[in-house]
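Novice: This one is run-v2.txt, compact mmCIF, C-alpha atoms.
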# COMPACT_ATOMS: atom_id res chain seq x y z
CA MET A 1 -10.58 34.46 -31.60
CA MET A 2 -7.51 32.24 -31.21
CA ASP A 3 -6.70 33.87 -27.87
CA ILE A 4 -10.15 33.07 -26.50
CA ILE A 5 -9.86 29.42 -27.59
CA PHE A 6 -6.37 29.19 -26.12
CA ASN A 7 -7.42 30.62 -22.75
CA MET A 8 -10.47 28.35 -22.60
CA LEU A 9 -8.25 25.33 -23.31
CA MET A 10 -5.90 26.40 -20.51
CA ILE A 11 -8.81 26.63 -18.07
CA PHE A 12 -10.06 23.20 -19.18
CA LEU A 13 -6.56 21.83 -18.61
CA VAL A 14 -6.53 23.08 -15.01
CA ILE A 15 -10.04 21.74 -14.39
CA THR A 16 -9.10 18.30 -15.74
CA ALA A 17 -5.95 18.19 -13.62
CA PHE A 18 -7.89 19.08 -10.46
CA PHE A 19 -10.51 16.46 -11.32
CA MET A 20 -7.75 13.88 -11.80
CA VAL A 21 -6.22 14.61 -8.42
CA PHE A 22 -9.31 15.02 -6.25
CA THR A 23 -11.60 12.18 -7.38
CA LYS A 24 -11.99 9.32 -4.94
CA ASP A 25 -12.22 6.50 -7.50
CA ILE A 26 -8.82 5.60 -8.91
CA SER A 27 -10.08 4.24 -12.25
CA THR A 28 -11.98 7.49 -12.92
CA ALA A 29 -8.73 9.36 -12.44
CA VAL A 30 -6.92 7.04 -14.84
CA ILE A 31 -9.60 7.49 -17.50
CA ALA A 32 -9.27 11.28 -17.11
CA LEU A 33 -5.57 11.00 -18.02
CA PRO A 34 -6.04 10.70 -21.85
CA ILE A 35 -8.45 13.67 -21.79
CA TYR A 36 -5.70 15.72 -20.13
CA GLY A 37 -3.25 14.54 -22.80
CA ALA A 38 -5.63 15.41 -25.64
CA ILE A 39 -6.15 18.97 -24.37
CA LEU A 40 -2.37 19.31 -24.11
CA VAL A 41 -2.02 18.14 -27.74
CA VAL A 42 -4.37 20.88 -28.99
CA ILE A 43 -2.42 23.48 -27.00
CA PHE A 44 0.85 22.29 -28.56
CA VAL A 45 -0.61 22.53 -32.06
CA ILE A 46 -1.78 26.11 -31.39
CA LEU A 47 1.73 26.95 -30.13
CA GLN A 48 3.27 25.74 -33.46
CA ALA A 49 4.96 22.62 -32.14
CA PRO A 50 3.79 19.66 -34.27
CA GLY A 51 6.57 17.26 -33.28
CA PRO A 52 5.94 17.29 -29.51
CA ALA A 53 2.19 17.26 -30.27
CA ILE A 54 2.44 13.94 -32.13
CA ALA A 55 4.69 12.49 -29.43
CA GLU A 56 2.29 13.56 -26.68
CA ALA A 57 -0.72 12.16 -28.57
CA VAL A 58 0.88 8.77 -29.07
CA ILE A 59 2.64 8.39 -25.72
CA ALA A 60 0.57 10.20 -23.09
CA ALA A 61 -2.83 9.35 -24.49
CA GLY A 62 -1.97 5.83 -25.58
CA LEU A 63 0.94 4.17 -23.87
CA THR A 64 0.91 5.65 -20.36
CA THR A 65 -2.81 4.97 -19.97
CA VAL A 66 -2.27 1.34 -20.90
CA PHE A 67 0.47 1.09 -18.26
CA PHE A 68 -1.82 2.56 -15.59
CA VAL A 69 -4.70 0.24 -16.54
CA ILE A 70 -2.40 -2.79 -16.35
CA THR A 71 -1.22 -1.66 -12.90
CA ILE A 72 -4.80 -1.31 -11.64
CA ASN A 73 -5.63 -4.74 -13.04
CA LYS A 74 -2.62 -6.28 -11.32
CA THR A 75 -3.28 -4.67 -7.95
CA GLU A 76 -7.01 -5.54 -8.07
CA TYR A 77 -8.30 -2.18 -7.08
CA MET B 78 -5.11 15.60 20.08
CA SER B 79 -4.03 13.34 17.24
CA ARG B 80 -6.78 14.80 15.08
CA MET B 81 -5.43 18.26 15.75
CA ASN B 82 -1.98 16.98 14.87
CA ALA B 83 -3.19 15.59 11.54
CA MET B 84 -4.91 18.87 10.72
CA PHE B 85 -1.72 20.76 11.52
CA LYS B 86 0.25 18.42 9.27
CA LYS B 87 -2.16 18.94 6.38
CA LEU B 88 -2.01 22.72 6.82
CA TYR B 89 1.78 22.56 6.92
CA LYS B 90 1.92 20.71 3.58
CA LEU B 91 -0.53 23.16 2.02
CA VAL B 92 1.53 26.14 3.18
CA LEU B 93 4.64 24.47 1.77
CA VAL B 94 3.08 24.06 -1.68
CA VAL B 95 1.63 27.58 -1.73
CA SER B 96 4.99 29.08 -0.77
CA LEU B 97 6.60 27.12 -3.60
CA ALA B 98 4.02 28.55 -6.00
CA ILE B 99 4.66 32.13 -4.78
CA PHE B 100 8.42 31.64 -5.10
CA LEU B 101 8.00 30.36 -8.68
CA PHE B 102 5.76 33.31 -9.47
CA ILE B 103 8.40 35.76 -8.28
CA VAL B 104 11.09 33.92 -10.26
CA PHE B 105 9.02 33.93 -13.45
CA ASP B 106 8.36 37.61 -12.96
CA GLU B 107 12.04 38.39 -12.56
CA ILE B 108 13.43 36.38 -15.47
CA HIS B 109 13.28 38.49 -18.59
CA ASN B 110 14.66 35.84 -20.89
CA LEU B 111 11.22 34.24 -21.07
CA ASP B 112 9.66 36.96 -23.19
CA ASN B 113 9.43 36.21 -26.86
CA ASN B 114 11.39 39.07 -28.36
CA SER B 115 14.81 38.31 -26.93
CA LYS B 116 17.57 37.27 -29.34
CA ARG B 117 18.80 33.69 -29.14
CA TYR B 118 21.87 33.39 -31.31
CA LEU B 119 22.17 29.60 -31.40
CA SER B 120 18.64 29.03 -32.61
CA GLU B 121 18.98 31.90 -35.09
CA HIS B 122 21.98 30.08 -36.53
CA TYR B 123 20.09 26.78 -36.67
CA ILE B 124 17.15 28.38 -38.43
CA SER B 125 19.16 30.34 -41.01
CA GLU B 126 21.87 27.76 -41.77
CA GLY B 127 20.34 24.44 -40.71
CA VAL B 128 18.80 23.43 -44.02
CA GLN B 129 22.01 24.05 -45.98
CA GLU B 130 24.24 22.40 -43.38
CA THR B 131 22.31 19.20 -42.74
CA GLY B 132 19.85 18.87 -45.59
CA ALA B 133 16.87 18.08 -43.36
CA ILE B 134 13.80 20.26 -43.67
CA ASN B 135 12.54 19.48 -40.15
CA ILE B 136 14.79 21.57 -37.92
CA VAL B 137 13.79 19.64 -34.78
CA THR B 138 15.06 16.43 -36.38
CA SER B 139 18.30 18.08 -37.46
CA VAL B 140 18.84 19.33 -33.89
CA LEU B 141 18.10 15.87 -32.47
CA TYR B 142 20.16 13.78 -34.89
CA ASP B 143 22.92 16.09 -36.06
CA TYR B 144 23.79 19.00 -33.80
CA ARG B 145 22.94 17.26 -30.53
CA ALA B 146 23.11 13.58 -31.43
CA PHE B 147 24.83 12.78 -28.12
CA ASP B 148 21.58 13.69 -26.32
CA THR B 149 19.76 11.13 -28.44
CA LEU B 150 22.38 8.51 -27.60
CA GLY B 151 21.84 9.22 -23.89
CA GLU B 152 18.11 8.97 -24.31
CA ALA B 153 18.45 5.59 -26.02
CA THR B 154 20.63 4.52 -23.09
CA VAL B 155 17.88 5.54 -20.65
CA LEU B 156 15.38 3.39 -22.56
CA LEU B 157 17.78 0.44 -22.53
CA THR B 158 18.29 0.91 -18.77
CA ALA B 159 14.53 0.96 -18.17
CA ALA B 160 14.06 -2.28 -20.10
CA ALA B 161 16.95 -3.89 -18.19
CA ILE B 162 15.53 -2.78 -14.79
CA LEU B 163 12.14 -4.25 -15.69
CA SER B 164 13.74 -7.51 -16.73
CA PHE B 165 15.54 -7.66 -13.37
CA LEU B 166 12.43 -6.76 -11.38
CA VAL B 167 10.13 -9.17 -13.13
CA PRO B 168 11.70 -12.62 -13.56
CA LEU B 169 10.42 -14.76 -16.38
CA GLY B 170 7.61 -16.75 -14.88
CA LYS B 171 4.31 -18.16 -15.92
CA ASP B 172 2.19 -15.97 -18.16
CA LYS B 173 -0.97 -14.55 -16.76
CA MET B 174 -3.70 -13.40 -19.09
CA LEU B 175 -5.95 -10.50 -18.35
CA GLY B 176 -8.97 -12.70 -17.70
CA THR B 177 -11.30 -10.92 -20.11
CA THR B 178 -12.69 -12.53 -23.23
CA PHE B 179 -13.96 -10.18 -25.91
CA THR B 180 -16.61 -10.75 -28.52
CA MET B 181 -15.87 -11.40 -32.19
CA ILE B 182 -16.34 -7.74 -33.12
CA VAL B 183 -13.37 -6.61 -31.08
CA SER B 184 -10.99 -9.25 -32.37
CA GLN B 185 -11.99 -8.78 -36.03
CA THR B 186 -11.65 -4.99 -35.74
CA THR B 187 -8.20 -5.39 -34.21
CA LYS B 188 -7.17 -7.69 -37.04
CA PHE B 189 -8.44 -5.13 -39.55
CA PHE B 190 -6.68 -2.27 -37.79
CA ILE B 191 -3.14 -3.58 -37.49
CA PRO B 192 -1.91 -3.04 -41.12
CA PHE B 193 -2.88 0.63 -40.95
CA LEU B 194 -0.91 1.01 -37.72
CA ALA B 195 2.12 -0.60 -39.38
CA VAL B 196 1.89 1.76 -42.36
CA LEU B 197 1.54 4.78 -40.06
CA GLY B 198 4.58 3.74 -38.04
CA ALA B 199 6.70 3.15 -41.13
CA TYR B 200 5.66 6.53 -42.55
CA LEU B 201 6.51 8.34 -39.32
CA ILE B 202 9.93 6.68 -39.16
CA LEU B 203 10.95 7.07 -42.80
CA PHE B 204 9.71 10.64 -43.28
CA GLY B 205 11.18 11.86 -40.01
CA HIS B 206 13.42 14.46 -41.68
CA LEU B 207 10.65 15.87 -43.89
CA ALA B 208 7.57 15.97 -41.65
CA PRO B 209 6.79 15.99 -37.93
CA GLY B 210 7.43 12.61 -36.43
CA GLY B 211 10.71 10.78 -36.26
CA GLY B 212 12.16 7.63 -34.85
CA PHE B 213 10.76 7.93 -31.35
CA VAL B 214 7.13 8.45 -32.31
CA GLY B 215 7.22 5.87 -35.10
CA GLY B 216 8.78 3.34 -32.74
CA VAL B 217 6.02 3.89 -30.20
CA VAL B 218 3.37 3.37 -32.91
CA MET B 219 5.14 0.14 -33.89
CA ALA B 220 5.17 -0.95 -30.23
CA VAL B 221 1.40 -0.47 -30.03
CA ILE B 222 0.88 -3.49 -32.35
CA PRO B 223 2.06 -6.22 -29.86
CA ILE B 224 0.23 -4.35 -27.08
CA LEU B 225 -3.03 -4.53 -29.04
CA LEU B 226 -2.46 -8.22 -29.76
CA THR B 227 -1.75 -8.89 -26.08
CA ILE B 228 -4.83 -7.08 -24.81
CA THR B 229 -7.25 -8.43 -27.40
CA TYR B 230 -6.10 -12.05 -27.54
CA ARG B 231 -3.60 -13.16 -24.91
CA VAL B 232 0.09 -13.15 -24.11
CA GLU B 233 0.77 -16.49 -25.79
CA PHE B 234 -0.59 -15.34 -29.14
CA SER B 235 1.38 -12.10 -29.03
CA GLU B 236 4.56 -13.98 -28.16
CA TYR B 237 3.87 -16.47 -30.94
CA LYS B 238 3.65 -13.63 -33.46
CA PHE B 239 6.54 -11.57 -32.03
CA LYS B 240 9.06 -13.88 -30.38
CA PRO B 241 10.83 -12.41 -27.29
CA ALA B 242 14.25 -13.47 -28.58
CA LYS B 243 13.59 -11.59 -31.82
CA LYS B 244 12.52 -8.48 -29.93
CA LYS B 245 15.74 -8.56 -27.92
CA LEU B 246 17.72 -9.02 -31.14
CA ALA B 247 15.95 -6.04 -32.71
CA GLU B 248 16.78 -3.84 -29.73
CA ASP B 249 20.44 -4.88 -29.90
CA ILE B 250 20.54 -4.20 -33.64
CA GLY B 251 19.13 -0.71 -33.07
CA ALA B 252 21.62 0.17 -30.33
CA ILE B 253 24.68 -1.22 -32.12
CA GLY B 254 23.63 0.23 -35.47
CA PHE B 255 23.37 3.70 -33.95
CA ILE B 256 26.92 3.43 -32.59
CA LEU B 257 28.26 2.07 -35.90
CA LEU B 258 26.62 4.88 -37.86
CA GLY B 259 28.25 7.28 -35.44
CA LEU B 260 31.63 5.66 -36.05
CA VAL B 261 31.26 6.27 -39.80
CA GLY B 262 31.90 9.92 -39.01
CA VAL B 263 35.15 9.03 -37.24
CA VAL B 264 36.30 6.83 -40.15
CA THR B 265 35.82 9.61 -42.68
CA GLY B 266 37.98 11.95 -40.65
CA SER B 267 35.54 13.93 -38.57
CA ASN B 268 33.89 13.76 -35.14
CA PHE B 269 31.79 10.99 -33.60
CA LEU B 270 28.21 11.18 -34.88
CA ALA B 271 29.17 13.94 -37.31
CA ASN B 272 26.84 14.31 -40.23
CA GLY B 273 26.79 17.81 -41.60
CA GLN B 274 30.50 18.50 -41.07
CA ALA B 275 31.57 15.17 -42.58
CA ASN B 276 30.31 16.08 -46.07
CA PHE B 277 28.13 13.09 -46.76
CA GLY B 278 26.28 15.34 -49.14
CA PRO B 279 22.95 16.77 -48.06
CA GLY B 280 21.41 15.76 -51.38
CA ASN B 281 18.35 17.46 -52.78
CA THR B 282 16.49 18.82 -49.78
CA GLY B 283 12.92 17.62 -49.69
CA GLU B 284 13.53 14.17 -51.16
CA LEU B 285 13.30 10.90 -49.29
CA ILE B 286 16.98 9.95 -49.66
CA SER B 287 18.67 13.12 -48.53
CA ALA B 288 20.19 14.67 -45.42
CA GLY B 289 23.13 12.27 -45.22
CA LEU B 290 22.87 9.80 -42.34
CA ILE B 291 19.72 11.19 -40.70
CA PRO B 292 17.17 8.73 -42.25
CA PHE B 293 19.32 5.74 -41.22
CA LEU B 294 19.74 7.09 -37.68
CA ASN B 295 15.95 7.56 -37.59
CA LEU B 296 15.47 3.94 -38.68
CA MET B 297 17.83 2.60 -36.00
CA ILE B 298 16.19 4.67 -33.24
CA GLY B 299 12.75 3.54 -34.43
CA ILE B 300 13.68 -0.15 -34.26
CA LYS B 301 15.26 0.31 -30.84
CA VAL B 302 12.40 2.28 -29.27
CA GLY B 303 9.72 -0.04 -30.66
CA ALA B 304 11.42 -3.21 -29.44
CA GLY B 305 12.30 -1.67 -26.09
CA LEU B 306 8.78 -0.50 -25.30
CA ALA B 307 7.32 -3.86 -26.38
CA ILE B 308 9.76 -5.61 -24.01
CA ILE B 309 8.80 -3.21 -21.18
CA PHE B 310 5.08 -3.87 -21.71
CA ASN B 311 5.56 -7.64 -21.86
CA SER B 312 7.53 -7.54 -18.61
CA LEU B 313 4.76 -5.52 -16.94
CA ILE B 314 2.01 -7.87 -18.03
CA LYS B 315 3.87 -11.06 -17.13
CA GLU B 316 4.02 -10.13 -13.45
CA LYS B 317 2.13 -12.75 -11.51
CA MET C 318 0.24 34.87 -22.79
CA GLU C 319 0.43 35.72 -19.06
CA LEU C 320 -2.31 33.25 -18.16
CA ALA C 321 -0.27 30.40 -19.63
CA TYR C 322 2.62 30.90 -17.18
CA VAL C 323 0.16 31.05 -14.27
CA VAL C 324 -1.31 27.74 -15.51
CA VAL C 325 2.20 26.23 -15.56
CA ILE C 326 2.77 27.32 -11.95
CA ILE C 327 -0.64 25.97 -10.87
CA LEU C 328 -0.01 22.59 -12.51
CA LEU C 329 3.48 22.31 -11.00
CA SER C 330 2.15 23.10 -7.51
CA LEU C 331 -0.71 20.65 -8.00
CA GLY C 332 1.73 17.90 -8.93
CA MET C 333 3.86 18.66 -5.85
CA TYR C 334 0.74 18.66 -3.65
CA THR C 335 -0.32 15.28 -5.05
CA ILE C 336 3.09 13.77 -4.41
CA ILE C 337 3.38 14.92 -0.80
CA THR C 338 -0.20 14.50 0.46
CA LYS C 339 -1.96 11.64 -1.35
CA LYS C 340 -2.01 8.19 0.23
CA ASN C 341 -2.41 5.96 -2.81
CA LEU C 342 0.76 5.03 -4.67
CA ILE C 343 -0.95 5.11 -8.09
CA LYS C 344 -2.14 8.66 -7.34
CA ILE C 345 1.43 9.61 -6.50
CA VAL C 346 2.67 8.31 -9.85
CA MET C 347 -0.12 10.33 -11.48
CA GLY C 348 1.22 13.41 -9.69
CA PHE C 349 4.61 12.77 -11.26
CA THR C 350 2.89 12.71 -14.67
CA ILE C 351 1.21 16.09 -14.04
CA LEU C 352 4.50 17.63 -12.84
CA GLU C 353 6.36 16.43 -15.92
CA SER C 354 3.68 17.62 -18.35
CA SER C 355 3.72 21.08 -16.76
CA LEU C 356 7.46 21.34 -17.42
CA ILE C 357 6.95 20.25 -21.05
CA LEU C 358 4.29 22.94 -21.41
CA LEU C 359 6.76 25.50 -20.05
CA LEU C 360 9.36 24.46 -22.65
CA ILE C 361 6.86 24.81 -25.49
CA LEU C 362 5.70 28.20 -24.17
CA VAL C 363 9.28 29.49 -24.10
CA SER C 364 9.78 28.43 -27.71
CA TYR C 365 6.73 30.28 -29.04
CA LYS C 366 6.96 33.54 -30.94
CA PRO C 367 3.84 35.46 -31.99
CA GLY C 368 3.10 34.96 -35.67
CA GLY C 369 5.86 32.39 -36.07
CA ALA C 370 5.75 29.33 -38.30
CA ALA C 371 6.43 25.75 -37.24
CA PRO C 372 10.11 24.74 -37.65
CA ILE C 373 9.61 22.81 -40.91
CA LEU C 374 11.26 24.98 -43.52
CA ASP C 375 9.99 23.77 -46.85
CA LYS C 376 10.22 27.42 -47.95
CA PRO C 377 11.89 30.37 -46.23
CA TYR C 378 9.68 31.97 -43.61
CA GLU C 379 9.95 35.37 -41.92
CA ILE C 380 9.54 34.31 -38.30
CA VAL C 381 10.16 30.74 -37.11
CA VAL C 382 9.63 29.46 -33.56
CA ASP C 383 12.63 28.29 -31.56
CA PRO C 384 13.51 24.63 -32.41
CA ILE C 385 15.81 23.81 -29.46
CA PRO C 386 13.19 23.71 -26.64
CA GLN C 387 10.97 21.58 -28.89
CA ALA C 388 13.75 19.02 -29.30
CA LEU C 389 14.26 18.99 -25.52
CA ALA C 390 10.50 18.53 -25.00
CA LEU C 391 10.46 15.57 -27.42
CA THR C 392 13.29 13.99 -25.43
CA ALA C 393 11.51 14.62 -22.12
CA ILE C 394 8.23 13.04 -23.27
CA VAL C 395 9.84 9.73 -24.30
CA ILE C 396 11.99 9.50 -21.16
CA GLY C 397 8.94 10.28 -19.01
CA ALA C 398 7.01 7.34 -20.45
CA SER C 399 9.80 4.86 -19.65
CA VAL C 400 10.32 6.27 -16.15
CA THR C 401 6.57 5.96 -15.51
CA ALA C 402 6.71 2.31 -16.61
CA VAL C 403 9.55 1.62 -14.14
CA MET C 404 7.67 3.35 -11.31
CA LEU C 405 4.52 1.32 -12.00
CA ALA C 406 6.52 -1.92 -12.00
CA VAL C 407 7.88 -0.99 -8.56
CA VAL C 408 4.29 -0.26 -7.42
CA ILE C 409 3.19 -3.73 -8.55
CA LYS C 410 6.15 -5.26 -6.69
CA ILE C 411 5.22 -3.35 -3.49
CA TYR C 412 1.63 -4.60 -3.75
CA LYS C 413 2.79 -8.20 -4.15
CA ARG C 414 5.14 -7.87 -1.16
CA TYR C 415 2.96 -5.99 1.35
CA GLY C 416 -0.57 -6.41 0.03
CA THR C 417 -1.47 -2.73 0.25
CA LEU C 418 -0.94 0.51 -1.64
CA ASN C 419 -1.52 2.89 1.28
CA VAL C 420 1.60 4.83 2.20
CA ASP C 421 0.78 5.05 5.94
CA GLU C 422 0.26 1.31 6.28
CA LEU C 423 3.50 0.68 4.44
CA ARG C 424 5.25 2.91 6.96
CA LYS C 425 3.68 0.99 9.86
CA LEU C 426 4.64 -2.39 8.40
CA ARG C 427 8.25 -1.39 8.24
CA GLY C 428 8.21 -0.68 11.97
Would you write the structure of this file as structure tokens?
Specialist:
Amino acid sequence: MMDIIFNMLMIFLVITAFFMVFTKDISTAVIALPIYGAILVVIFVILQAPGPAIAEAVIAAGLTTVFFVITINKTEY
Amino acid sequence: MSRMNAMFKKLYKLVLVVSLAIFLFIVFDEIHNLDNNSKRYLSEHYISEGVQETGAINIVTSVLYDYRAFDTLGEATVLLTAAAILSFLVPLGKDKMLGTTFTMIVSQTTKFFIPFLAVLGAYLILFGHLAPGGGFVGGVVMAVIPILLTITYRVEFSEYKFKPAKKKLAEDIGAIGFILLGLVGVVTGSNFLANGQANFGPGNTGELISAGLIPFLNLMIGIKVGAGLAIIFNSLIKEK
Amino acid sequence: MELAYVVVIILLSLGMYTIITKKNLIKIVMGFTILESSLILLLILVSYKPGGAAPILDKPYEIVVDPIPQALALTAIVIGASVTAVMLAVVIKIYKRYGTLNVDELRKLRG
């Protein structure tokens, strides 16, 4: 059961990454970034790594997205 | 002709990336150290002796702050360098707000939310040697508070609550405190940043005040990371 | 666990592809983020042992996963965030100086 969930999460991760790279609209790609981070957090928890999971949840899903949004706001895209 | 050239260029880049992927695949297939049953003597030692030697339950924290504390010092230096580069790139000019005004619901919810964030950050910092978390993550949670204030209200309000001079002072206190706590090991006749070898007494493992210097090092790193990331964000948003 | 290593290779190649082909500077920074996260995923995968417990030893466990790659991954995540912030500040500076984010036009402007 856990193997099936893990493999499905891996496939979702690849799909989200391809979506992030190949969309035309830049703000759609930026909003897909926290989804990518959240899937990565669940994978880390399954792989028994709670410390990197918390760090990834706080930094990748929170802080980096804010930085990207500020950049888009400043460059008026 | 130029269209053909562009197509050739695109194909060339694609072939480059695919060949990189095939090379990595061959390398991963050849390396047998990646499989999970191989013996790793250093980590075996950390797992079997780490709790007695350092007193911290969380082995990741004891690796970060005791066995390999120099790595953490280098990481703190990288953060300091990033904040310094941003200060050089973005000179202090006029503030520019985001130009969006929110309704009352957003501002009241933010005001309601901030104490919980502060408690979460303090818990993550102080219980870093007992539970997943630690100085880095707690510092980032602390740095989210001025970011929320800046986005919801404006830069002036955030800088009125958290003065820039005080943020710089907090970052300096974190950096210097880490070095001074490292020098305590030298004073007591051991190495720089020594904790387990210097016999500070691991205490009762599992309690809040235990594991020698590790909680204090966690506190210093938390202060430093929080102030540094808040300074980085303020520099980014003040760009005209 | 074989699929996981294939996913790591795919993500690393995708990040490389984004960096060398995309025209928008923000997309290029996003490619750096994907590349870095794939390496963190590789570190966590190396540390995993089947049936192992997380490295928080409140009581003695039989099998415990490897703590050293997890500490390295924690370091890499925090450094990656600050490096991303520096890259985005440089992107904002380039936009203020040249008025565009397209890499080809930047190349033309430089002459």
Novice: Work out how far apart atom CA of Ala17 of chain A and atom CA of Gly215 of chain B are and give it in Å to one decimal.
Specialist: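 Calculated distance between atom CA of Ala17 of chain A and atom CA of Gly215 of chain B is 28.0 Å.
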Novice: Pull out every residue of chain B sitting within 9 Å of chain C, counting all atoms listed in the file, and send them as an MDAnalysis selection string.
Specialist: chainID B and resid 87 90:91 93:95 97:99 101:102 105 110:114 117 119:121 123:125 128 133:138 140:141 148:149 152:153 155:156 159:160 162:163 166:167 207:209 213:214 282:283 306 309:310 312:313 316:317
Novice: Could you check how far atom CA of Gly303 of chain B sits from atom CA of Asn281 of chain B, in Å to one decimal?
Specialist: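 Value for the atom CA of Gly303 of chain B-atom CA of Asn281 of chain B distance: 29.5 Å.
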Novice: Which residue out of B:Gly198, B:Gly254, B:Gly151, B:Gly132 has the minimum interatomic distance to chain A when only C-alpha atoms are used?
Specialist: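 With only C-alpha atoms as the atom set, the closest residue is B:Gly198.
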Novice: I need the residue nearest Thr417 of chain C from this list: C:Ala321, C:Ile343, C:Leu352, C:Ile336. Use all atoms listed in the file for the distance.
Specialist: C:Ile343
Novice: Counting all atoms listed in the file, a student should be able to say which residues of chain A come within 7 Å of chain B; what is the right answer, written as a PDB file with C-alpha atoms, in the coordinates of the input?
Specialist:
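Result written to iface.pdb:
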ATOM      1  CA  PRO A  50       3.790  19.660 -34.270  1.00  0.00           C
ATOM      2  CA  GLY A  51       6.570  17.260 -33.280  1.00  0.00           C
ATOM      3  CA  ILE A  54       2.440  13.940 -32.130  1.00  0.00           C
ATOM      4  CA  ALA A  55       4.690  12.490 -29.430  1.00  0.00           C
ATOM      5  CA  ILE A  70      -2.400  -2.790 -16.350  1.00  0.00           C
TER       6      ILE A  70
END
Novice: In Å, rounded to a single decimal, give me how far atom CA of Ile103 of chain B is from atom CA of Glu319 of chain C.
Specialist: 13.4 Å
Novice: Could you tell me which of A:Thr16, A:Thr71, A:Thr28, A:Thr65 comes closest to chain C if we count only C-alpha atoms?
Specialist: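 Residue with the minimum atom-to-atom distance to chain C: A:Thr71.
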Novice: Which residues come within 7 Å of Asn295 of chain B, counting all atoms listed in the file, excluding same-chain residues fewer than 3 positions away, as a PyMOL selection string?
Specialist: chain B and resi 202+205+211-212+291-292+298-299
Novice: Give me a file of those residues, with C-alpha atoms, as a CSV table (one decimal), keeping the file's coordinate frame.
Specialist:
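Resulting contents of part-v2.csv:
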chain,number,residue,atom,x,y,z
B,202,ILE,CA,9.9,6.7,-39.2
B,205,GLY,CA,11.2,11.9,-40.0
B,211,GLY,CA,10.7,10.8,-36.3
B,212,GLY,CA,12.2,7.6,-34.8
B,291,ILE,CA,19.7,11.2,-40.7
B,292,PRO,CA,17.2,8.7,-42.2
B,298,ILE,CA,16.2,4.7,-33.2
B,299,GLY,CA,12.8,3.5,-34.4
Novice: For Ser235 of chain B, which of B:Lys116, B:Asn311, B:Leu260, B:Gly127 is the closest residue, counting only C-alpha atoms?
Specialist: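 Distance minimum relative to Ser235 of chain B lands on B:Asn311.
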Novice: Point out the residue among C:Lys344, C:Leu423, C:Glu353, C:Arg414 with the least atom-to-atom distance to chain A, counting all atoms listed in the file.
Specialist: C:Lys344
Novice: Could you tell me, as a list in words, which residues have any atom at most 12 Å from (-6.5, 31.5, -24.6), counting all atoms listed in the file?
Specialist: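 Residues satisfying the cut-off, written out: Met1, Met2, Asp3, Ile4, Ile5, Phe6, Asn7, Met8, Leu9, Met10, Ile11, Phe12, Leu13, Val42, Ile43, Ile46 and Leu47 of chain A; Met318, Glu319, Leu320, Ala321, Tyr322 and Val324 of chain C.
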Novice: Pick the closest to chain C from A:Ala32, A:Ala57, A:Val66, A:Val21: which is it, counting all atoms listed in the file?
Specialist: A:Val21
Novice: Within 12 Å of Asp25 of chain A, counting all atoms listed in the file, which residues qualify if same-chain residues fewer than 5 places away don't, as number ranges by chain?
Specialist: A: 19-20, 30-32, 72, 77; C: 341, 343-344
Novice: From (10.7, 7.5, -47.3), in the file's coordinates, out to 9 Å: which residues are reached, counting all atoms listed in the file? Answer as a ChimeraX atom specification.
Specialist: /B:199-200,202-205,284-286,292
Novice: Taking the partial coordinates given, rebuild segment 383-392 of chain C to contain N, CA and C atoms; return it as a short mmCIF file (atom, residue, chain, number, x, y, z; two decimals), in the frame of the given file.
Specialist:
data_model
loop_
_atom_site.label_atom_id
_atom_site.label_comp_id
_atom_site.auth_asym_id
_atom_site.auth_seq_id
_atom_site.Cartn_x
_atom_site.Cartn_y
_atom_site.Cartn_z
N ASP C 383 11.33 28.79 -31.98
CA ASP C 383 12.63 28.29 -31.56
C ASP C 383 12.65 26.76 -31.58
N PRO C 384 13.56 26.10 -32.34
CA PRO C 384 13.51 24.63 -32.41
C PRO C 384 14.15 23.91 -31.23
N ILE C 385 15.05 24.55 -30.48
CA ILE C 385 15.81 23.81 -29.46
C ILE C 385 14.93 23.35 -28.29
N PRO C 386 14.06 24.22 -27.70
CA PRO C 386 13.19 23.71 -26.64
C PRO C 386 12.24 22.62 -27.10
N GLN C 387 11.86 22.65 -28.40
CA GLN C 387 10.97 21.58 -28.89
C GLN C 387 11.70 20.25 -28.93
N ALA C 388 12.98 20.27 -29.31
CA ALA C 388 13.75 19.02 -29.30
C ALA C 388 13.90 18.49 -27.88
N LEU C 389 14.14 19.42 -26.92
CA LEU C 389 14.26 18.99 -25.52
C LEU C 389 12.94 18.41 -25.03
N ALA C 390 11.81 19.02 -25.44
CA ALA C 390 10.50 18.53 -25.00
C ALA C 390 10.24 17.13 -25.54
N LEU C 391 10.63 16.90 -26.81
CA LEU C 391 10.46 15.57 -27.42
C LEU C 391 11.25 14.53 -26.63
N THR C 392 12.49 14.90 -26.24
CA THR C 392 13.29 13.99 -25.43
C THR C 392 12.61 13.70 -24.09
#
